[in-house]
Amino acid sequence: MIIQTKEITNKVAQNLIEMNASLSDDMNYMINYANQLEKSETAKNVFKAIQENMRIANKKNRPICQDTGMVVAFVTMGQDVQIQGGGIEEAIQNGVHKGYLEGYLRKSVVDDPIIRNNTEDNTPAVIHYRVVKGDYLKIDLMAKGFGSENTSALKMLKPSDGIEGVKRFILDTIEKGAPNACAPIVIGIGIGGTFEKSALMAKEALLKPLYWHNEKKHFMKLEQELLQEANNMGIGPMGMGGSNTVLGVNILDYPTHIAGLPVAVNICCYVNRHRKVIFSD
Amino acid sequence: MIELLTPINSEKISHLKCGDQIVISGDIYTARDAAHQRMIEDLHNNKKLPFDIHNQIIFYMGPCPAAPGEVIGPAGPTTSHRMDTYTPELLDKGLKGMIGKGNRNQEVINSIIKHHAVYFACIGGTGSLCSERIIQSEIIAYDDLGTEAIRHLKVDDFQVIVAIDSKGNNIYTKGRNDFLNLYRTQEE
């Protein structure tokens, strides 16, 4: 199929504006469910504010959170697709520019990590590409807030650390990070691969619905144990004490080297914003 | 709900306890990472701060741009601990309150106790709700910083929770411990 860059730009812009104002159904469902399970009075009040804010944002089509994030895009491109009117990279960056200006979203990106001048249109987005068989284009968009991004961590464990070592590192990261990361949080985990592969998997795991599970038994069990043990810590919404610290844990895994056991933990606040943009015949 | 009018002072906040729900009305000022860095540079260069911080409250916040018809765009708190490096020096200069989210380091807590100040937490991620309680907004300094410029805000019944009170009681340790103790007692 032939896709015009203009269509990509417009769809990216529109989806960025919309996803900043309303969460996916699985996120909304889990926030509601967590509120019903909550035992702490303080935490109940936190949930009340969270839900009132969501209602206002949805109604006005305005951002849930003022940190409208740095945009991350995972592009899955069928090798039979033809892009017309320019490059795909440029088309997506233009979509970010358009969406953040026309949607009155916050411009949170600086041009250099040390000099730090604001780029004033929230570009550039971080874009990852994957070429696959087929005749379609999929762009998974995410607006990643940095309160939670800052609490994420990666560690190169030793094979002898095993699944217990993996679990300890993840729980430590959650315990340190949750109060500053706007809990209740969502945890994306990448286990295996190389240094950068584990981090990429952790980010992609945040795109999965909260009801998704890793198909391998030992990782599915680990997802469930992490969810339960993290919530038993009592950190609670906003770190003020309560029964809900984590809404969901998704693990992605990949083969790794005989000498290594990379583990990456990407934390996202409850404002876990992502959308799929699909072009197909 | 306890009502609090700005400016505040040590006496006015001495009865506030960690966990209390407060509504603030009056003038507050915004400053986050870059504005803090500049304020401290100004102090070190013997320049005056852009506003008199004596008995004032700083809100760690950088808003979205206002859409047509809005006073300010969504305007919730940012993570406070990044300001920890700068906070004791501002408290020394008379700053009395801060609004943000998340825990502070021991140095900040000690400085809060020393100056009989207070740290409030606002619920993270509630930008649209917060902006409804802001009735006026004006950039007063560091315009070139965009969302990070210093803004003078007027707020009406702005909801916060006392996170660290003037005695140093801290909701980020107390809230969790209280909850776990209660939960464990119920289990037994």
# chains A, B, ... in the order shown; residues from 1 in each chain; ligands from 1
$ residues_around --residues "region 64-68 of chain A" --least-positions-apart "3" --cutoff "8 Å" --atoms "only C-alpha atoms" --output "VMD selection string"
(chain A and resid 20 to 22 53 to 54 57 to 58 105 to 108 143 to 146 271) or (chain B and resid 62 to 64 73 to 76 124 to 128)
$ closest_atom_pairs --of "chain B" --to "chain A" --cutoff "9 Å" --atoms "only C-alpha atoms" --output "Markdown table"
| residue | atom | partner | partner_atom | distance |
| --- | --- | --- | --- | --- |
| B:Gly19 | CA | A:Thr42 | CA | 8.0 |
| B:Met61 | CA | A:Gln66 | CA | 8.6 |
| B:Gly62 | CA | A:Gln66 | CA | 7.3 |
| B:Pro63 | CA | A:Gln66 | CA | 5.6 |
| B:Cys64 | CA | A:Arg106 | CA | 4.3 |
| B:Pro65 | CA | A:Tyr104 | CA | 5.4 |
| B:Ala66 | CA | A:Tyr104 | CA | 6.7 |
| B:Ala67 | CA | A:Tyr104 | CA | 5.8 |
| B:Gly73 | CA | A:Gln66 | CA | 7.5 |
| B:Pro74 | CA | A:Gln66 | CA | 4.9 |
| B:Ala75 | CA | A:Gln66 | CA | 5.4 |
| B:Gly76 | CA | A:Gln66 | CA | 6.0 |
| B:Pro77 | CA | A:Gln66 | CA | 8.4 |
| B:Thr78 | CA | A:Gly147 | CA | 7.1 |
| B:Thr79 | CA | A:Gly147 | CA | 6.1 |
| B:Ser80 | CA | A:Asn180 | CA | 8.2 |
| B:His81 | CA | A:Asn180 | CA | 8.3 |
| B:Lys101 | CA | A:Asn180 | CA | 6.9 |
| B:Gly102 | CA | A:Asn180 | CA | 4.5 |
| B:Asn103 | CA | A:Asn180 | CA | 6.8 |
| B:Ile123 | CA | A:Val46 | CA | 6.6 |
| B:Gly124 | CA | A:Cys182 | CA | 5.6 |
| B:Gly125 | CA | A:Cys65 | CA | 4.5 |
| B:Thr126 | CA | A:Asn53 | CA | 5.4 |
| B:Gly127 | CA | A:Cys65 | CA | 4.5 |
| B:Ser128 | CA | A:Asn53 | CA | 5.8 |
| B:Leu129 | CA | A:Asn53 | CA | 4.8 |
| B:Cys130 | CA | A:Asn53 | CA | 8.2 |
| B:Leu145 | CA | A:Asn118 | CA | 7.5 |
| B:Gly146 | CA | A:Asn118 | CA | 7.7 |
| B:Thr147 | CA | A:Arg106 | CA | 7.3 |
| B:Ala163 | CA | A:Met240 | CA | 8.6 |
| B:Ile171 | CA | A:Met240 | CA | 5.8 |
| B:Tyr172 | CA | A:Met240 | CA | 5.4 |
| B:Thr173 | CA | A:Met240 | CA | 7.9 |
| B:Lys174 | CA | A:Met240 | CA | 8.0 |
| B:Gly175 | CA | A:Gly241 | CA | 4.5 |
| B:Arg176 | CA | A:Gly241 | CA | 3.9 |
| B:Asn177 | CA | A:Gly241 | CA | 7.4 |
| B:Asp178 | CA | A:Gly241 | CA | 7.5 |
| B:Phe179 | CA | A:Gly241 | CA | 5.6 |
| B:Leu180 | CA | A:Gly234 | CA | 5.9 |
| B:Tyr183 | CA | A:Lys39 | CA | 8.5 |
$ select_by_dssp --residues "region 119-235 of chain A" --states "alpha helix (DSSP H)" --output "ChimeraX atom specification"
/A:146-149,162-177,195-205,217-231
$ write_last_selection --atoms "N, CA and C atoms" --output "compact mmCIF listing (two decimals), in the first residue's frame"
# COMPACT_ATOMS: atom_id res chain seq x y z
N PHE A 146 8.16 12.08 32.99
CA PHE A 146 9.51 11.84 33.51
C PHE A 146 9.59 11.70 35.03
N GLY A 147 8.50 12.02 35.75
CA GLY A 147 8.50 11.76 37.19
C GLY A 147 8.75 10.28 37.41
N SER A 148 8.09 9.46 36.60
CA SER A 148 8.25 8.01 36.72
C SER A 148 9.48 7.51 35.95
N GLU A 149 9.75 8.12 34.80
CA GLU A 149 10.92 7.69 34.00
C GLU A 149 12.19 7.77 34.85
N GLY A 162 19.99 -15.55 39.34
CA GLY A 162 18.75 -16.29 39.08
C GLY A 162 17.50 -15.44 39.21
N ILE A 163 16.37 -16.14 39.25
CA ILE A 163 15.09 -15.44 39.26
C ILE A 163 14.87 -14.71 40.59
N GLU A 164 15.48 -15.22 41.67
CA GLU A 164 15.37 -14.54 42.97
C GLU A 164 16.09 -13.19 42.95
N GLY A 165 17.26 -13.17 42.30
CA GLY A 165 18.02 -11.93 42.18
C GLY A 165 17.27 -10.91 41.33
N VAL A 166 16.65 -11.42 40.26
CA VAL A 166 15.85 -10.56 39.38
C VAL A 166 14.73 -9.91 40.19
N LYS A 167 14.05 -10.74 40.97
CA LYS A 167 12.91 -10.28 41.76
C LYS A 167 13.33 -9.23 42.79
N ARG A 168 14.45 -9.48 43.47
CA ARG A 168 14.93 -8.55 44.50
C ARG A 168 15.24 -7.18 43.88
N PHE A 169 15.93 -7.22 42.71
CA PHE A 169 16.28 -5.95 42.05
C PHE A 169 15.02 -5.17 41.66
N ILE A 170 14.02 -5.87 41.13
CA ILE A 170 12.80 -5.18 40.69
C ILE A 170 12.05 -4.61 41.90
N LEU A 171 11.93 -5.40 42.97
CA LEU A 171 11.21 -4.90 44.16
C LEU A 171 11.94 -3.71 44.80
N ASP A 172 13.28 -3.76 44.82
CA ASP A 172 14.06 -2.62 45.35
C ASP A 172 13.80 -1.36 44.53
N THR A 173 13.77 -1.54 43.20
CA THR A 173 13.54 -0.40 42.31
C THR A 173 12.15 0.19 42.56
N ILE A 174 11.16 -0.69 42.73
CA ILE A 174 9.78 -0.23 42.99
C ILE A 174 9.72 0.50 44.33
N GLU A 175 10.35 -0.08 45.36
CA GLU A 175 10.28 0.52 46.70
C GLU A 175 10.90 1.91 46.72
N LYS A 176 12.04 2.05 46.06
CA LYS A 176 12.71 3.35 46.01
C LYS A 176 11.92 4.35 45.18
N GLY A 177 11.34 3.87 44.07
CA GLY A 177 10.78 4.80 43.09
C GLY A 177 9.32 5.18 43.28
N PHE A 195 22.32 -5.15 26.93
CA PHE A 195 22.08 -3.93 27.71
C PHE A 195 20.88 -3.14 27.16
N GLU A 196 20.96 -2.77 25.86
CA GLU A 196 19.90 -1.91 25.29
C GLU A 196 18.63 -2.69 24.98
N LYS A 197 18.75 -3.97 24.66
CA LYS A 197 17.56 -4.78 24.35
C LYS A 197 16.65 -4.88 25.58
N SER A 198 17.26 -5.04 26.75
CA SER A 198 16.44 -5.17 27.96
C SER A 198 15.67 -3.87 28.22
N ALA A 199 16.32 -2.73 27.98
CA ALA A 199 15.64 -1.44 28.20
C ALA A 199 14.50 -1.25 27.20
N LEU A 200 14.74 -1.63 25.96
CA LEU A 200 13.69 -1.50 24.93
C LEU A 200 12.49 -2.38 25.26
N MET A 201 12.77 -3.61 25.74
CA MET A 201 11.67 -4.51 26.10
C MET A 201 10.87 -3.94 27.28
N ALA A 202 11.58 -3.35 28.23
CA ALA A 202 10.90 -2.78 29.40
C ALA A 202 9.93 -1.68 28.95
N LYS A 203 10.38 -0.87 28.01
CA LYS A 203 9.51 0.20 27.50
C LYS A 203 8.33 -0.39 26.74
N GLU A 204 8.61 -1.38 25.88
CA GLU A 204 7.52 -1.98 25.09
C GLU A 204 6.52 -2.71 25.97
N ALA A 205 6.98 -3.23 27.10
CA ALA A 205 6.08 -3.94 28.02
C ALA A 205 5.02 -2.98 28.57
N LYS A 217 5.61 -19.91 31.88
CA LYS A 217 5.08 -20.10 33.24
C LYS A 217 5.88 -19.36 34.31
N HIS A 218 7.23 -19.46 34.24
CA HIS A 218 8.05 -18.86 35.29
C HIS A 218 7.96 -17.34 35.28
N PHE A 219 7.77 -16.76 34.07
CA PHE A 219 7.65 -15.30 34.02
C PHE A 219 6.24 -14.84 34.40
N MET A 220 5.25 -15.64 34.05
CA MET A 220 3.88 -15.30 34.44
C MET A 220 3.77 -15.32 35.97
N LYS A 221 4.40 -16.33 36.56
CA LYS A 221 4.41 -16.45 38.03
C LYS A 221 5.13 -15.24 38.65
N LEU A 222 6.24 -14.87 38.03
CA LEU A 222 7.01 -13.72 38.53
C LEU A 222 6.17 -12.43 38.45
N GLU A 223 5.44 -12.26 37.35
CA GLU A 223 4.56 -11.08 37.21
C GLU A 223 3.57 -11.03 38.37
N GLN A 224 2.96 -12.18 38.66
CA GLN A 224 1.95 -12.22 39.72
C GLN A 224 2.56 -11.98 41.10
N GLU A 225 3.72 -12.60 41.34
CA GLU A 225 4.38 -12.42 42.65
C GLU A 225 4.82 -10.97 42.85
N LEU A 226 5.35 -10.36 41.80
CA LEU A 226 5.81 -8.97 41.91
C LEU A 226 4.64 -8.05 42.22
N LEU A 227 3.52 -8.29 41.54
CA LEU A 227 2.33 -7.45 41.75
C LEU A 227 1.88 -7.55 43.21
N GLN A 228 1.81 -8.79 43.70
CA GLN A 228 1.33 -9.00 45.06
C GLN A 228 2.31 -8.46 46.10
N GLU A 229 3.60 -8.80 45.93
CA GLU A 229 4.58 -8.38 46.95
C GLU A 229 4.79 -6.87 46.95
N ALA A 230 4.73 -6.25 45.78
CA ALA A 230 4.88 -4.78 45.73
C ALA A 230 3.69 -4.13 46.44
N ASN A 231 2.50 -4.65 46.23
CA ASN A 231 1.33 -4.06 46.87
C ASN A 231 1.30 -4.33 48.38
$ atom_distance --atom1 "CA of Ile72 (chain B)" --atom2 "CA of Glu138 (chain B)"
9.3 Å
$ residues_around --residues "Tyr142 (chain B)" --least-positions-apart "6" --cutoff "9 Å" --atoms "only C-alpha atoms" --output "PyMOL selection string"
chain B and resi 35+38+50+148-150
